[in-house]
file structure.json (JSON, C-alpha atoms and all ligand atoms)
[["chain", "number", "residue", "atom", "x", "y", "z"],
["A", 99, "GLN", "CA", -28.70, -125.95, -18.62],
["A", 100, "ASP", "CA", -25.05, -126.90, -18.96],
["A", 101, "GLY", "CA", -24.63, -124.67, -22.02],
["A", 102, "PHE", "CA", -23.59, -125.94, -25.41],
["A", 103, "GLU", "CA", -20.49, -127.05, -27.26],
["A", 104, "LEU", "CA", -19.20, -125.98, -30.66],
["A", 105, "ALA", "CA", -16.49, -127.42, -32.89],
["A", 106, "VAL", "CA", -14.13, -124.68, -34.08],
["A", 107, "PRO", "CA", -11.94, -125.97, -36.92],
["A", 108, "THR", "CA", -9.40, -123.14, -37.38],
["A", 109, "GLY", "CA", -7.98, -120.06, -35.71],
["A", 110, "GLU", "CA", -9.95, -117.90, -38.15],
["A", 111, "ASP", "CA", -13.16, -119.62, -37.05],
["A", 112, "MET", "CA", -12.22, -118.88, -33.45],
["A", 113, "GLN", "CA", -11.87, -115.18, -34.32],
["A", 114, "ARG", "CA", -15.25, -115.30, -36.04],
["A", 115, "LEU", "CA", -16.81, -116.86, -32.93],
["A", 116, "GLY", "CA", -15.40, -113.97, -30.90],
["A", 117, "ARG", "CA", -16.82, -111.42, -33.34],
["A", 118, "ASN", "CA", -20.23, -113.09, -33.13],
["A", 119, "LEU", "CA", -20.01, -113.06, -29.35],
["A", 120, "ALA", "CA", -19.55, -109.28, -29.54],
["A", 121, "SER", "CA", -23.07, -108.89, -30.89],
["A", 122, "CYS", "CA", -24.61, -110.75, -27.94],
["A", 123, "VAL", "CA", -22.65, -109.38, -24.96],
["A", 124, "HIS", "CA", -23.99, -106.62, -22.71],
["A", 125, "GLY", "CA", -22.37, -104.01, -20.54],
["A", 126, "GLY", "CA", -21.56, -105.53, -17.14],
["A", 127, "ASP", "CA", -20.85, -108.98, -18.54],
["A", 128, "VAL", "CA", -18.00, -111.06, -17.12],
["A", 129, "ILE", "CA", -16.53, -113.64, -19.47],
["A", 130, "LEU", "CA", -14.17, -116.29, -18.11],
["A", 131, "LEU", "CA", -11.97, -117.99, -20.70],
["A", 132, "SER", "CA", -10.44, -121.32, -19.72],
["A", 133, "GLY", "CA", -8.25, -123.80, -21.53],
["A", 134, "PRO", "CA", -4.59, -124.79, -21.74],
["A", 135, "LEU", "CA", -1.78, -122.72, -23.24],
["A", 136, "GLY", "CA", -2.30, -122.35, -26.99],
["A", 137, "ALA", "CA", -5.96, -123.36, -26.79],
["A", 138, "GLY", "CA", -7.10, -120.17, -28.51],
["A", 139, "LYS", "CA", -8.19, -117.92, -25.64],
["A", 140, "THR", "CA", -6.40, -114.83, -26.95],
["A", 141, "THR", "CA", -7.56, -115.65, -30.49],
["A", 142, "LEU", "CA", -11.17, -115.60, -29.29],
["A", 143, "ALA", "CA", -10.45, -112.37, -27.40],
["A", 144, "GLN", "CA", -9.13, -110.82, -30.63],
["A", 145, "GLY", "CA", -12.38, -111.66, -32.39],
["A", 146, "LEU", "CA", -14.40, -110.15, -29.55],
["A", 147, "GLY", "CA", -12.26, -107.02, -29.63],
["A", 148, "SER", "CA", -12.69, -106.75, -33.38],
["A", 149, "GLY", "CA", -16.46, -107.18, -33.03],
["A", 150, "LEU", "CA", -16.50, -104.38, -30.46],
["A", 151, "GLY", "CA", -14.34, -102.22, -32.72],
["A", 152, "VAL", "CA", -11.74, -101.64, -29.99],
["A", 153, "ASP", "CA", -9.06, -99.00, -30.31],
["A", 154, "GLY", "CA", -6.00, -101.24, -30.25],
["A", 155, "PRO", "CA", -4.76, -104.75, -30.88],
["A", 156, "VAL", "CA", -5.86, -107.47, -28.48],
["A", 157, "VAL", "CA", -2.59, -109.06, -27.41],
["A", 158, "SER", "CA", -1.97, -111.39, -24.54],
["A", 159, "PRO", "CA", -1.64, -109.27, -21.41],
["A", 160, "THR", "CA", 0.45, -111.95, -19.70],
["A", 161, "PHE", "CA", 3.10, -109.54, -18.46],
["A", 162, "THR", "CA", 0.80, -106.62, -17.79],
["A", 163, "ILE", "CA", -2.06, -108.49, -16.04],
["A", 164, "ALA", "CA", -4.78, -106.30, -17.52],
["A", 165, "ARG", "CA", -5.39, -103.98, -20.45],
["A", 166, "GLU", "CA", -8.29, -101.65, -21.09],
["A", 167, "LEU", "CA", -9.61, -101.20, -24.62],
["A", 168, "HIS", "CA", -12.40, -98.95, -25.79],
["A", 169, "GLY", "CA", -15.08, -99.94, -28.26],
["A", 170, "HIS", "CA", -18.81, -100.03, -28.86],
["A", 171, "LEU", "CA", -21.61, -102.50, -28.23],
["A", 172, "SER", "CA", -24.00, -103.56, -30.96],
["A", 173, "ASP", "CA", -26.40, -100.77, -29.90],
["A", 174, "ASP", "CA", -23.51, -98.31, -30.44],
["A", 175, "SER", "CA", -23.09, -97.46, -26.75],
["A", 176, "PRO", "CA", -19.47, -97.09, -25.66],
["A", 177, "VAL", "CA", -17.89, -99.99, -23.79],
["A", 178, "THR", "CA", -14.58, -100.59, -22.04],
["A", 179, "LEU", "CA", -13.19, -104.08, -22.56],
["A", 180, "ILE", "CA", -10.98, -105.08, -19.64],
["A", 181, "HIS", "CA", -8.82, -107.95, -20.83],
["A", 182, "VAL", "CA", -7.18, -109.75, -17.91],
["A", 183, "ASP", "CA", -4.74, -112.66, -17.95],
["A", 184, "ALA", "CA", -4.47, -114.62, -14.71],
["A", 185, "TYR", "CA", -1.78, -116.91, -16.15],
["A", 186, "ARG", "CA", 0.76, -116.03, -13.51],
["A", 187, "LEU", "CA", -1.49, -117.52, -10.87],
["A", 188, "GLY", "CA", -0.33, -120.88, -12.13],
["A", 189, "GLY", "CA", 3.14, -119.77, -13.13],
["A", 190, "GLN", "CA", 6.38, -119.22, -11.32],
["A", 191, "ASP", "CA", 5.63, -115.75, -9.98],
["A", 192, "TYR", "CA", 2.67, -116.94, -7.99],
["A", 193, "LEU", "CA", 1.89, -120.08, -6.08],
["A", 194, "PRO", "CA", -1.54, -121.41, -6.88],
["A", 195, "GLY", "CA", -4.22, -121.22, -4.24],
["A", 196, "GLU", "CA", -6.08, -118.65, -2.17],
["A", 197, "ASP", "CA", -2.98, -116.59, -1.55],
["A", 198, "ALA", "CA", -2.32, -116.28, -5.27],
["A", 199, "VAL", "CA", -5.83, -115.01, -5.87],
["A", 200, "ASP", "CA", -5.34, -112.41, -3.11],
["A", 201, "ARG", "CA", -2.10, -111.28, -4.68],
["A", 202, "LEU", "CA", -3.64, -110.91, -8.11],
["A", 203, "LEU", "CA", -6.53, -108.99, -6.57],
["A", 204, "ASP", "CA", -3.99, -106.69, -4.87],
["A", 205, "GLU", "CA", -2.38, -106.10, -8.20],
["A", 206, "LEU", "CA", -5.71, -105.39, -9.85],
["A", 207, "GLU", "CA", -6.56, -103.05, -6.97],
["A", 208, "SER", "CA", -3.39, -101.08, -7.62],
["A", 209, "LEU", "CA", -4.63, -100.70, -11.19],
["A", 210, "GLY", "CA", -8.00, -99.55, -9.87],
["A", 211, "LEU", "CA", -9.74, -102.56, -11.39],
["A", 212, "ASP", "CA", -10.81, -104.53, -8.32],
["A", 213, "GLU", "CA", -14.23, -102.93, -7.99],
["A", 214, "GLU", "CA", -14.93, -103.33, -11.68],
["A", 215, "LEU", "CA", -14.16, -107.02, -11.31],
["A", 216, "GLU", "CA", -16.57, -107.53, -8.45],
["A", 217, "ASP", "CA", -19.33, -105.46, -9.95],
["A", 218, "PRO", "CA", -18.62, -104.31, -13.47],
["A", 219, "GLY", "CA", -20.47, -101.17, -14.49],
["A", 220, "GLN", "CA", -22.90, -101.12, -17.36],
["A", 221, "SER", "CA", -20.28, -99.79, -19.74],
["A", 222, "THR", "CA", -17.65, -102.43, -18.93],
["A", 223, "ILE", "CA", -17.03, -105.97, -20.13],
["A", 224, "ILE", "CA", -14.50, -108.12, -18.29],
["A", 225, "LEU", "CA", -12.76, -110.82, -20.30],
["A", 226, "MET", "CA", -10.42, -112.99, -18.26],
["A", 227, "GLU", "CA", -8.01, -115.60, -19.58],
["A", 228, "TRP", "CA", -7.18, -118.44, -17.16],
["A", 229, "GLY", "CA", -10.34, -117.27, -15.47],
["A", 230, "GLU", "CA", -11.06, -120.60, -13.79],
["A", 231, "GLN", "CA", -8.49, -119.69, -11.15],
["A", 232, "MET", "CA", -10.27, -116.45, -10.36],
["A", 233, "ALA", "CA", -13.83, -117.70, -10.44],
["A", 234, "SER", "CA", -14.34, -117.39, -6.69],
["A", 235, "ALA", "CA", -13.38, -113.70, -6.72],
["A", 236, "LEU", "CA", -15.70, -112.70, -9.55],
["A", 237, "ALA", "CA", -19.35, -111.90, -10.09],
["A", 238, "ASP", "CA", -21.61, -114.97, -9.92],
["A", 239, "GLN", "CA", -23.34, -114.14, -13.12],
["A", 240, "ARG", "CA", -20.90, -114.79, -15.90],
["A", 241, "LEU", "CA", -20.31, -116.43, -19.21],
["A", 242, "GLU", "CA", -17.87, -119.34, -19.02],
["A", 243, "VAL", "CA", -16.05, -120.32, -22.18],
["A", 244, "THR", "CA", -13.91, -123.45, -22.01],
["A", 245, "ILE", "CA", -11.68, -124.35, -24.94],
["A", 246, "SER", "CA", -10.22, -127.81, -25.37],
["A", 247, "ARG", "CA", -8.50, -129.81, -28.07],
["A", 248, "PRO", "CA", -10.16, -133.10, -28.88],
["A", 249, "VAL", "CA", -7.85, -136.07, -28.72],
["A", 250, "ASP", "CA", -7.14, -137.03, -32.29],
["A", 251, "ALA", "CA", -5.22, -140.18, -33.08],
["A", 252, "ARG", "CA", -3.69, -138.49, -36.14],
["A", 253, "GLU", "CA", -2.38, -135.66, -34.05],
["A", 254, "ASP", "CA", 1.21, -135.70, -32.88],
["A", 255, "PRO", "CA", 1.09, -135.75, -29.09],
["A", 256, "ASP", "CA", 4.31, -133.71, -29.07],
["A", 257, "ALA", "CA", 2.91, -131.00, -31.33],
["A", 258, "PRO", "CA", 3.36, -127.47, -29.96],
["A", 259, "PRO", "CA", 0.32, -126.26, -28.05],
["A", 260, "SER", "CA", -0.53, -123.55, -30.61],
["A", 261, "SER", "CA", -0.53, -125.69, -33.79],
["A", 262, "GLU", "CA", -3.45, -126.00, -36.22],
["A", 263, "GLY", "CA", -6.30, -128.22, -35.27],
["A", 264, "GLN", "CA", -9.91, -128.25, -34.25],
["A", 265, "ARG", "CA", -10.88, -126.96, -30.83],
["A", 266, "MET", "CA", -14.06, -127.66, -28.90],
["A", 267, "VAL", "CA", -15.62, -124.63, -27.25],
["A", 268, "ARG", "CA", -18.13, -125.03, -24.44],
["A", 269, "LEU", "CA", -20.24, -121.98, -23.58],
["A", 270, "ARG", "CA", -22.12, -121.78, -20.29],
["A", 271, "GLY", "CA", -24.25, -119.03, -18.86],
["A", 272, "VAL", "CA", -25.08, -117.27, -22.13],
["B", 301, "LIG", "P1", -4.05, -119.02, -25.60],
["B", 301, "LIG", "O1", -4.37, -117.57, -25.42],
["B", 301, "LIG", "O2", -5.17, -119.94, -25.20],
["B", 301, "LIG", "O3", -2.77, -119.44, -24.95],
["B", 301, "LIG", "P2", -3.67, -118.27, -28.37],
["B", 301, "LIG", "O4", -4.98, -117.79, -28.85],
["B", 301, "LIG", "O5", -2.64, -117.26, -28.03],
["B", 301, "LIG", "O6", -3.88, -119.30, -27.16],
["B", 301, "LIG", "O7", -3.00, -119.23, -29.46],
["B", 301, "LIG", "C1", -3.71, -120.19, -30.19],
["B", 301, "LIG", "C2", -2.94, -120.46, -31.46],
["B", 301, "LIG", "O8", -3.47, -121.63, -32.12],
["B", 301, "LIG", "C3", -3.03, -119.32, -32.47],
["B", 301, "LIG", "O9", -1.78, -119.22, -33.11],
["B", 301, "LIG", "C4", -4.10, -119.83, -33.44],
["B", 301, "LIG", "O10", -3.94, -119.29, -34.73],
["B", 301, "LIG", "C5", -3.84, -121.31, -33.43],
["B", 301, "LIG", "N1", -5.01, -122.14, -33.77],
["B", 301, "LIG", "C6", -5.00, -123.15, -34.63],
["B", 301, "LIG", "N2", -6.17, -123.76, -34.75],
["B", 301, "LIG", "C7", -7.00, -123.08, -33.91],
["B", 301, "LIG", "C8", -8.38, -123.24, -33.59],
["B", 301, "LIG", "N3", -9.16, -124.18, -34.13],
["B", 301, "LIG", "N4", -8.89, -122.40, -32.68],
["B", 301, "LIG", "C9", -8.10, -121.45, -32.10],
["B", 301, "LIG", "N5", -6.80, -121.26, -32.38],
["B", 301, "LIG", "C10", -6.24, -122.07, -33.28],
["B", 302, "MG", "MG", -3.48, -116.03, -24.19]]

call {"tool": "encode", "arguments": {"input": "structure.json", "output": "structure tokens", "more": "lines below"}}
Ligand code: ADP
Ligand code: MG
result
Amino acid sequence: QDGFELAVPTGEDMQRLGRNLASCVHGGDVILLSGPLGAGKTTLAQGLGSGLGVDGPVVSPTFTIARELHGHLSDDSPVTLIHVDAYRLGGQDYLPGEDAVDRLLDELESLGLDEELEDPGQSTIILMEWGEQMASALADQRLEVTISRPVDAREDPDAPPSSEGQRMVRLRGV
């Protein structure tokens, strides 16, 4: 009921998980990716994009808020992957809280994406990094993917956030 958790040893494994996810997602799905900076959210997104055969690289949309990519589902029907990054909600451009969510929604509205977010069409998949901050504004039915790094005594606590090391991935709502 609370989903399941997977150990993901390397970045390549995280990409593979994303590719596998591509074969089980459906049009209209909303996927919220959570986890700290360098957890592997964009890496998972790259795998998903590759599994959907999208028409461009999946890069972090941090400075563009959202990017649309075109690919195909496992049944070969066309799908638009909307890759959103809500990072700025917690960053210096936005103050966290209700107001920040409103401002991001305004921005998404100006991109014509607000309705898709509330009720994605059957040929759209929404994938949102830092999605936990936006949860209240999104469709109830969604897949939540939370990535964390297990505390490892051997690991240098001052290591950069994107260094090698196992991640734990919890999937809910599959
Ligand atoms: P985020 O989008 O969460 O900020 P990224 O996916 O951009 O994180 O960066 C994660 C970095 O960590 C990548 O350089 C990736 O290769 C690396 N990495 C190392 N080990 C793992 C792992 N087990 N899972 C995911 N990424 C990993
Ligand atoms: Mg990212």

call {"tool": "atom_distance", "arguments": {"input": "structure.json", "atom1": "CA of Arg201 in chain A", "atom2": "atom O1 of ligand LIG 301 (chain B)"}}
result
21.8 Å

call {"tool": "atom_distance", "arguments": {"input": "structure.json", "atom1": "CA of Ser221 in chain A", "atom2": "CA of Gly271 in chain A"}}
result
19.7 Å

call {"tool": "closest_atom_pairs", "arguments": {"input": "structure.json", "of": "chain A", "to": "ligand MG 302 (chain B)", "cutoff": "9 Å", "atoms": "only C-alpha atoms and all ligand atoms", "output": "Markdown table"}}
result
| residue | atom | partner | partner_atom | distance |
| --- | --- | --- | --- | --- |
| A:Leu135 | CA | B:MG302 | MG | 7.0 |
| A:Gly136 | CA | B:MG302 | MG | 7.0 |
| A:Ala137 | CA | B:MG302 | MG | 8.2 |
| A:Gly138 | CA | B:MG302 | MG | 7.0 |
| A:Lys139 | CA | B:MG302 | MG | 5.3 |
| A:Thr140 | CA | B:MG302 | MG | 4.2 |
| A:Thr141 | CA | B:MG302 | MG | 7.5 |
| A:Ala143 | CA | B:MG302 | MG | 8.5 |
| A:Val157 | CA | B:MG302 | MG | 7.7 |
| A:Ser158 | CA | B:MG302 | MG | 4.9 |
| A:Pro159 | CA | B:MG302 | MG | 7.5 |
| A:Thr160 | CA | B:MG302 | MG | 7.2 |
| A:Asp183 | CA | B:MG302 | MG | 7.2 |
| A:Tyr185 | CA | B:MG302 | MG | 8.3 |
| A:Glu227 | CA | B:MG302 | MG | 6.5 |
| A:Trp228 | CA | B:MG302 | MG | 8.3 |

call {"tool": "residues_near_ligand", "arguments": {"input": "structure.json", "ligand": "ligand LIG 301 (chain B)", "cutoff": "12 Å", "atoms": "only C-alpha atoms and all ligand atoms", "output": "PyMOL selection string"}}
result
chain A and resi 104-116+131-145+156-160+181-185+225-229+243-248+257-267

call {"tool": "residues_near_point", "arguments": {"input": "structure.json", "point": "(-21.1, -116.3, -26.4)", "cutoff": "9 Å", "atoms": "all atoms listed in the file", "output": "ChimeraX atom specification"}}
result
/A:115-116,118-123,129,241-243,269-272

call {"tool": "closest_residue", "arguments": {"input": "structure.json", "among": "A:Gln220, A:Thr178, A:Ser208, A:Gln239", "to": "His124 in chain A", "atoms": "all atoms listed in the file"}}
result
A:Gln220

call {"tool": "atom_distance", "arguments": {"input": "structure.json", "atom1": "CA of Asp174 in chain A", "atom2": "CA of Gly149 in chain A"}}
result
11.6 Å

call {"tool": "closest_residue", "arguments": {"input": "structure.json", "among": "A:Val152, A:Leu167, A:Leu203, A:Leu146", "to": "Leu236 in chain A", "atoms": "all atoms listed in the file"}}
result
A:Leu203

call {"tool": "closest_residue", "arguments": {"input": "structure.json", "among": "A:Gly147, A:Gly101, A:Gly126, A:Gly154", "to": "Leu215 in chain A", "atoms": "all atoms listed in the file"}}
result
A:Gly126

call {"tool": "closest_residue", "arguments": {"input": "structure.json", "among": "A:Leu211, A:Asp100, A:Arg117, A:Gln231", "to": "Ser172 in chain A", "atoms": "all atoms listed in the file"}}
result
A:Arg117

call {"tool": "closest_residue", "arguments": {"input": "structure.json", "among": "A:Glu216, A:Ile223, A:Glu103, A:Gly210", "to": "His168 in chain A", "atoms": "all atoms listed in the file"}}
result
A:Ile223

call {"tool": "closest_residue", "arguments": {"input": "structure.json", "among": "A:Asp256, A:Asp212, A:Asp127, A:Glu166", "to": "Ile180 in chain A", "atoms": "all atoms listed in the file"}}
result
A:Glu166
